[in-house]
Amino acid sequence: MGRRLAIIALAFSAVAPLLLLGLWSVGDQWFFPALLPGRLTLESWRHVISSRLAIEATVSGVVALATAAIACALALPVGRAMARLGGWRRRVAAAVAFLPVAAPPIALGLGLQYAFASLDLTGTIGGVILAHVVPATGFLAIYFAGVFTALDPRIEDEARSLGATPLQVWRHITIPIVKRQIGDALALGFLVSWAQVPLTLVIGGGVVRTLPLAVYDYVRAGETRYAATGALLLTIPPMLALLAARRERVAPL
Amino acid sequence: MEPALLVQGLAVPFGAGPGLRDVTFDVAAGERFVVLGASGAGKTSLLRALAGLSPVTDGTIAVSGAAIYLHQTPVLFPHLTVYENVAFPLRIRHRPESEIDSRVRAALASVQMSGLAPRMPRTLSGGQAHRVALARAVVARPALLLLDEPLASLDPTLREDMRRTILGLQTDWDGAMVIVTHDLDEMSALADRVAVLLDRRIAQIASPAEVLSRPASLAVARFLGHMNEMRMSADTVAVFPPSAVRPQADGRRARVVALRPRVRGTTAVLALGDARVEMAVDPLEPPAVGDELCVAFDPRGVVLFQNVETPSVPMSSTRIVS
């Protein structure tokens, strides 16, 4: 009974905010102490499609996709190398990889801003992508180190012994074996970038506008319906990732 | 004729010590060359060095073509079917599809695995996985196949099966094999020639029969086990196998003090005065403990070592000082 109650409470705590956001995004004339809005409207969703919010969502998607792809490409060999290290070398490598993940994003952003300014990267989408790549790569390198630790290193040795070049080993053996984990890593990299605010703010300098920044601005301006609509949009990719993970777990072996 | 493998003055680091040194030997095409050594002697390091998977610090390795290394436990590519596993060496060499198909089917047939071509590796038994790994290794017709204790992880029935499969590989492939093992039976069954690896260097290279009957040193004799050892004088030791001790009416009187049934034959431990000697006996009609026998030593089985210093290798057999 207690367990069932705990599950219900957990489900409620996960679903209730989303329901509330949904109501807010379509609610109009909703004043205290009314439990429900006075009328429903799709005005904010039309605004999403026709206004800058759509552009900002697109920018967010492009930045997150590029971040995921670049971070994954960098983290894959780094994580593999970390997994093949032993003893203190592995601990040092893990600490270095973890640094950009553990550092407060605002501190990381200020540090990167100095370097990016000299390269004319501040205020550009490219600069924002590179800034997002830094923590995402650290995060994914640690993830891939775990993946490759679980992978028998003799498999790659065997392929090399059979005459495969290093590139052929990657192409025909390593990547096909870890392709599911690469998919997971792409999703993780996407999510790390998708919800990123401080780095976008500092490196983008207000010129590069992403969906989280727009939601933040709507909240500050008291535009509750638009903020709720944007926030709902923000939750879509994580929800899709969760559903995909769930489907994978129940897929037959 | 050019050897399939020529190793000269090789030094291979392994473990915490100085590593293997001065390793020199050659292997002819079609030959099965066994490297025999105790666990931890550096056999696997040597094999990996020959495959180019481990570093060497000195010496040269010349192979007349490709060398393929097979791990002790088979390592198949888990995402590929049995067929695709065997096809892998040909695909990376960009061979035509028709050639790949015919050679893969022939290789699978040579290890009696034709029916399992569509299976995934996780569905195979240990013995089947061994066969697939062998088929995959020979399908590319390498000049040299390097096998790391190929029978060690198999149960006795599968060992015999696998032994036959390995011996059968060279019926339609003329490559050479280097096989490392610590097992005397495996060595005897597989080797054309054998190198005994002792004290981080090769102590003897000869045919299995010669190594067993004429060990090059006392250390080799002790390593081969089942040897009786008798000090003849201050600096001479006689070494002989249990089969060199035979009943003889006018021989020396001995008393049976114990029987030792072993896989390779039962032996009786005889008391010869203060000395102890093991003698091969008929396992179905062994003498009883306490029996008195007259025995003699077959000189063809006795090897004398002179200028012998204090033994440095632990003995597994009975030692006699008389």
# chains A, B, ... in the order shown; residues from 1 in each chain; ligands from 1
>>> residues_around(residues="Leu304 in chain B", least_positions_apart="5", cutoff="8 Å", atoms="only C-alpha atoms", output="list in words")
Thr236, Val237, Ala238 and Val239 of chain B
>>> closest_atom_pairs(of="chain A", to="chain B", cutoff="10 Å", atoms="only C-alpha atoms", output="CSV")
residue,atom,partner,partner_atom,distance
A:Asp152,CA,B:Val75,CA,8.8
A:Pro153,CA,B:Val75,CA,9.9
A:Arg154,CA,B:Val75,CA,6.9
A:Ile155,CA,B:Val75,CA,6.1
A:Glu156,CA,B:Phe77,CA,9.0
A:Asp157,CA,B:Leu53,CA,7.4
A:Glu158,CA,B:Val75,CA,7.0
A:Ala159,CA,B:Pro89,CA,8.2
A:Arg160,CA,B:Leu53,CA,8.5
A:Ser161,CA,B:Ile68,CA,5.2
A:Leu162,CA,B:Ile68,CA,5.6
A:Gly163,CA,B:Pro89,CA,6.6
A:Ala164,CA,B:Ile92,CA,6.2
A:Thr165,CA,B:Ile92,CA,8.5
A:Gln168,CA,B:Ile92,CA,7.2
A:Val169,CA,B:Ile92,CA,9.5
A:His172,CA,B:Ile92,CA,8.7
A:Ile173,CA,B:Phe77,CA,7.3
A:Thr174,CA,B:Phe77,CA,9.6
A:Pro176,CA,B:His79,CA,7.2
A:Ile177,CA,B:His79,CA,6.0
A:Val178,CA,B:His79,CA,9.6
>>> closest_atom_pairs(of="range 90-203 of chain B", to="range 223-232 of chain B", cutoff="12 Å", atoms="only C-alpha atoms", output="tab-separated table")
residue	atom	partner	partner_atom	distance
B:His182	CA	B:Leu224	CA	9.8
B:Asp183	CA	B:Leu224	CA	9.5
B:Leu184	CA	B:Leu224	CA	7.5
B:Asp185	CA	B:Leu224	CA	10.9
B:Met187	CA	B:Leu224	CA	11.0
B:Ser188	CA	B:Leu224	CA	11.7
B:Val196	CA	B:Phe223	CA	9.0
B:Leu197	CA	B:Phe223	CA	9.8
B:Leu198	CA	B:Phe223	CA	8.3
B:Asp199	CA	B:Phe223	CA	10.8
B:Ala203	CA	B:Phe223	CA	10.8
>>> write_last_selection(atoms="C-alpha atoms", output="short mmCIF file (atom, residue, chain, number, x, y, z; two decimals), in the first residue's frame")
data_model
loop_
_atom_site.label_atom_id
_atom_site.label_comp_id
_atom_site.auth_asym_id
_atom_site.auth_seq_id
_atom_site.Cartn_x
_atom_site.Cartn_y
_atom_site.Cartn_z
CA HIS B 182 52.17 -25.51 -20.74
CA ASP B 183 50.64 -28.93 -21.36
CA LEU B 184 52.92 -31.83 -22.32
CA ASP B 185 50.08 -33.83 -23.88
CA MET B 187 52.68 -30.39 -27.02
CA SER B 188 53.11 -34.07 -27.94
CA VAL B 196 61.11 -25.14 -24.23
CA LEU B 197 60.91 -21.70 -22.66
CA LEU B 198 62.67 -21.62 -19.30
CA ASP B 199 64.14 -18.87 -17.20
CA ALA B 203 66.36 -23.72 -23.35
#
>>> atom_distance(atom1="CA of Ile61 in chain B", atom2="CA of Val178 in chain B")
13.3 Å
>>> select_by_dssp(residues="range 9-168 of chain A", states="alpha helix (DSSP H)", output="PyMOL selection string")
chain A and resi 9-26+43-50+52-84+87-102+105-118+125-150+153-161+166-168
>>> closest_residue(among="A:Met239, A:Ala107, A:Val215, A:Leu232", to="Val202 in chain A", atoms="only C-alpha atoms")
A:Ala107
>>> atom_distance(atom1="CA of Arg209 in chain A", atom2="CA of Val133 in chain A")
17.3 Å
>>> residues_around(residues="Ser207 in chain B", least_positions_apart="6", cutoff="8 Å", atoms="only C-alpha atoms", output="number ranges by chain")
B: 191-194
>>> residues_around(residues="Ile182 in chain A", least_positions_apart="2", cutoff="12 Å", atoms="only C-alpha atoms", output="list of chain:residue names")
A:Ala68, A:Ala69, A:Ala71, A:Cys72, A:Ala73, A:Leu74, A:Ala75, A:Leu76, A:Pro77, A:Gly79, A:Leu140, A:Ala141, A:Tyr143, A:Phe144, A:Val147, A:Phe148, A:Thr174, A:Ile175, A:Pro176, A:Ile177, A:Val178, A:Lys179, A:Arg180, A:Asp184, A:Ala185, A:Leu186, A:Ala187, A:Leu188, A:Gly189
>>> write_last_selection(atoms="C-alpha atoms", output="PDB file, in the first residue's frame")
ATOM      1  CA  ALA A  68      25.677  16.526 -29.754  1.00  0.00           C
ATOM      2  CA  ALA A  69      27.411  15.523 -32.995  1.00  0.00           C
ATOM      3  CA  ALA A  71      30.844  16.330 -28.605  1.00  0.00           C
ATOM      4  CA  CYS A  72      30.093  12.733 -29.484  1.00  0.00           C
ATOM      5  CA  ALA A  73      32.791  12.648 -32.186  1.00  0.00           C
ATOM      6  CA  LEU A  74      35.331  14.080 -29.716  1.00  0.00           C
ATOM      7  CA  ALA A  75      34.252  12.078 -26.676  1.00  0.00           C
ATOM      8  CA  LEU A  76      34.206   8.685 -28.429  1.00  0.00           C
ATOM      9  CA  PRO A  77      38.009   8.345 -28.916  1.00  0.00           C
ATOM     10  CA  GLY A  79      36.478   7.878 -23.665  1.00  0.00           C
ATOM     11  CA  LEU A 140      30.175  12.152 -22.841  1.00  0.00           C
ATOM     12  CA  ALA A 141      33.861  11.246 -22.418  1.00  0.00           C
ATOM     13  CA  TYR A 143      30.060   8.116 -20.359  1.00  0.00           C
ATOM     14  CA  PHE A 144      32.120   6.501 -23.151  1.00  0.00           C
ATOM     15  CA  VAL A 147      31.076   1.992 -22.197  1.00  0.00           C
ATOM     16  CA  PHE A 148      34.580   1.006 -23.352  1.00  0.00           C
ATOM     17  CA  THR A 174      34.042  -0.617 -32.601  1.00  0.00           C
ATOM     18  CA  ILE A 175      31.321   1.705 -33.887  1.00  0.00           C
ATOM     19  CA  PRO A 176      28.829  -1.044 -34.851  1.00  0.00           C
ATOM     20  CA  ILE A 177      29.256  -2.666 -31.430  1.00  0.00           C
ATOM     21  CA  VAL A 178      28.647   0.578 -29.523  1.00  0.00           C
ATOM     22  CA  LYS A 179      26.140   2.120 -31.943  1.00  0.00           C
ATOM     23  CA  ARG A 180      23.296   1.961 -29.410  1.00  0.00           C
ATOM     24  CA  ASP A 184      22.289   7.396 -26.233  1.00  0.00           C
ATOM     25  CA  ALA A 185      25.312   9.728 -26.175  1.00  0.00           C
ATOM     26  CA  LEU A 186      23.876  11.843 -29.004  1.00  0.00           C
ATOM     27  CA  ALA A 187      20.648  12.186 -27.011  1.00  0.00           C
ATOM     28  CA  LEU A 188      22.582  13.092 -23.859  1.00  0.00           C
ATOM     29  CA  GLY A 189      24.707  15.642 -25.721  1.00  0.00           C
TER      30      GLY A 189
END
>>> residues_around(residues="Ile202 in chain B", least_positions_apart="6", cutoff="12 Å", atoms="only C-alpha atoms", output="VMD selection string")
chain B and resid 7 to 11 20 to 25 34 to 37 41 to 43 46 194 to 196 216 to 217 219 to 220
>>> write_last_selection(atoms="N, CA and C atoms", output="PDB file, in the first residue's frame")
ATOM      1  N   VAL B   7      62.782 -15.637 -36.291  1.00  0.00           N
ATOM      2  CA  VAL B   7      62.921 -14.786 -35.101  1.00  0.00           C
ATOM      3  C   VAL B   7      64.381 -14.807 -34.688  1.00  0.00           C
ATOM      4  N   GLN B   8      64.964 -13.616 -34.534  1.00  0.00           N
ATOM      5  CA  GLN B   8      66.392 -13.571 -34.188  1.00  0.00           C
ATOM      6  C   GLN B   8      66.640 -12.588 -33.062  1.00  0.00           C
ATOM      7  N   GLY B   9      67.256 -13.099 -31.993  1.00  0.00           N
ATOM      8  CA  GLY B   9      67.696 -12.255 -30.878  1.00  0.00           C
ATOM      9  C   GLY B   9      66.597 -11.418 -30.258  1.00  0.00           C
ATOM     10  N   LEU B  10      65.396 -11.973 -30.200  1.00  0.00           N
ATOM     11  CA  LEU B  10      64.251 -11.178 -29.753  1.00  0.00           C
ATOM     12  C   LEU B  10      64.279 -10.972 -28.236  1.00  0.00           C
ATOM     13  N   ALA B  11      63.974  -9.754 -27.821  1.00  0.00           N
ATOM     14  CA  ALA B  11      63.798  -9.449 -26.394  1.00  0.00           C
ATOM     15  C   ALA B  11      62.394  -8.894 -26.221  1.00  0.00           C
ATOM     16  N   LEU B  20      61.676 -11.674 -21.685  1.00  0.00           N
ATOM     17  CA  LEU B  20      62.349 -12.709 -22.483  1.00  0.00           C
ATOM     18  C   LEU B  20      63.552 -12.104 -23.188  1.00  0.00           C
ATOM     19  N   ARG B  21      64.603 -12.910 -23.369  1.00  0.00           N
ATOM     20  CA  ARG B  21      65.764 -12.375 -24.089  1.00  0.00           C
ATOM     21  C   ARG B  21      66.358 -13.472 -24.974  1.00  0.00           C
ATOM     22  N   ASP B  22      67.030 -13.002 -26.017  1.00  0.00           N
ATOM     23  CA  ASP B  22      67.772 -13.918 -26.881  1.00  0.00           C
ATOM     24  C   ASP B  22      66.896 -15.001 -27.495  1.00  0.00           C
ATOM     25  N   VAL B  23      65.696 -14.683 -27.866  1.00  0.00           N
ATOM     26  CA  VAL B  23      64.794 -15.693 -28.432  1.00  0.00           C
ATOM     27  C   VAL B  23      65.070 -15.809 -29.931  1.00  0.00           C
ATOM     28  N   THR B  24      65.539 -16.960 -30.353  1.00  0.00           N
ATOM     29  CA  THR B  24      65.874 -17.174 -31.763  1.00  0.00           C
ATOM     30  C   THR B  24      65.319 -18.526 -32.211  1.00  0.00           C
ATOM     31  N   PHE B  25      64.537 -18.513 -33.259  1.00  0.00           N
ATOM     32  CA  PHE B  25      64.061 -19.765 -33.857  1.00  0.00           C
ATOM     33  C   PHE B  25      63.445 -19.465 -35.223  1.00  0.00           C
ATOM     34  N   VAL B  34      55.637 -25.663 -31.407  1.00  0.00           N
ATOM     35  CA  VAL B  34      55.031 -25.438 -30.094  1.00  0.00           C
ATOM     36  C   VAL B  34      56.053 -24.796 -29.153  1.00  0.00           C
ATOM     37  N   VAL B  35      55.627 -23.734 -28.474  1.00  0.00           N
ATOM     38  CA  VAL B  35      56.457 -23.133 -27.435  1.00  0.00           C
ATOM     39  C   VAL B  35      55.905 -23.628 -26.103  1.00  0.00           C
ATOM     40  N   LEU B  36      56.731 -24.412 -25.402  1.00  0.00           N
ATOM     41  CA  LEU B  36      56.299 -25.036 -24.146  1.00  0.00           C
ATOM     42  C   LEU B  36      56.928 -24.284 -22.980  1.00  0.00           C
ATOM     43  N   GLY B  37      56.107 -23.888 -22.028  1.00  0.00           N
ATOM     44  CA  GLY B  37      56.660 -23.180 -20.872  1.00  0.00           C
ATOM     45  C   GLY B  37      55.657 -23.177 -19.750  1.00  0.00           C
ATOM     46  N   ALA B  41      55.666 -17.844 -17.847  1.00  0.00           N
ATOM     47  CA  ALA B  41      57.008 -17.884 -18.442  1.00  0.00           C
ATOM     48  C   ALA B  41      57.169 -16.847 -19.549  1.00  0.00           C
ATOM     49  N   GLY B  42      56.066 -16.222 -19.959  1.00  0.00           N
ATOM     50  CA  GLY B  42      56.150 -15.211 -21.026  1.00  0.00           C
ATOM     51  C   GLY B  42      55.728 -15.729 -22.379  1.00  0.00           C
ATOM     52  N   LYS B  43      55.034 -16.868 -22.402  1.00  0.00           N
ATOM     53  CA  LYS B  43      54.635 -17.465 -23.681  1.00  0.00           C
ATOM     54  C   LYS B  43      53.674 -16.549 -24.439  1.00  0.00           C
ATOM     55  N   LEU B  46      55.327 -13.490 -25.799  1.00  0.00           N
ATOM     56  CA  LEU B  46      56.092 -13.812 -27.003  1.00  0.00           C
ATOM     57  C   LEU B  46      55.162 -13.900 -28.213  1.00  0.00           C
ATOM     58  N   VAL B 194      59.387 -28.454 -30.946  1.00  0.00           N
ATOM     59  CA  VAL B 194      59.004 -27.768 -29.721  1.00  0.00           C
ATOM     60  C   VAL B 194      60.179 -26.944 -29.202  1.00  0.00           C
ATOM     61  N   ALA B 195      59.854 -25.748 -28.692  1.00  0.00           N
ATOM     62  CA  ALA B 195      60.858 -24.927 -28.012  1.00  0.00           C
ATOM     63  C   ALA B 195      60.464 -24.866 -26.550  1.00  0.00           C
ATOM     64  N   VAL B 196      61.399 -25.198 -25.671  1.00  0.00           N
ATOM     65  CA  VAL B 196      61.108 -25.143 -24.230  1.00  0.00           C
ATOM     66  C   VAL B 196      61.573 -23.789 -23.712  1.00  0.00           C
ATOM     67  N   ALA B 216      67.722 -31.062 -22.819  1.00  0.00           N
ATOM     68  CA  ALA B 216      69.034 -30.427 -23.025  1.00  0.00           C
ATOM     69  C   ALA B 216      69.707 -30.047 -21.717  1.00  0.00           C
ATOM     70  N   SER B 217      68.937 -29.903 -20.672  1.00  0.00           N
ATOM     71  CA  SER B 217      69.544 -29.526 -19.393  1.00  0.00           C
ATOM     72  C   SER B 217      68.728 -30.131 -18.269  1.00  0.00           C
ATOM     73  N   ALA B 219      67.440 -28.492 -15.920  1.00  0.00           N
ATOM     74  CA  ALA B 219      66.263 -27.643 -15.711  1.00  0.00           C
ATOM     75  C   ALA B 219      65.128 -28.058 -16.646  1.00  0.00           C
ATOM     76  N   VAL B 220      65.470 -28.352 -17.905  1.00  0.00           N
ATOM     77  CA  VAL B 220      64.442 -28.799 -18.855  1.00  0.00           C
ATOM     78  C   VAL B 220      63.875 -30.138 -18.393  1.00  0.00           C
TER      79      VAL B 220
END
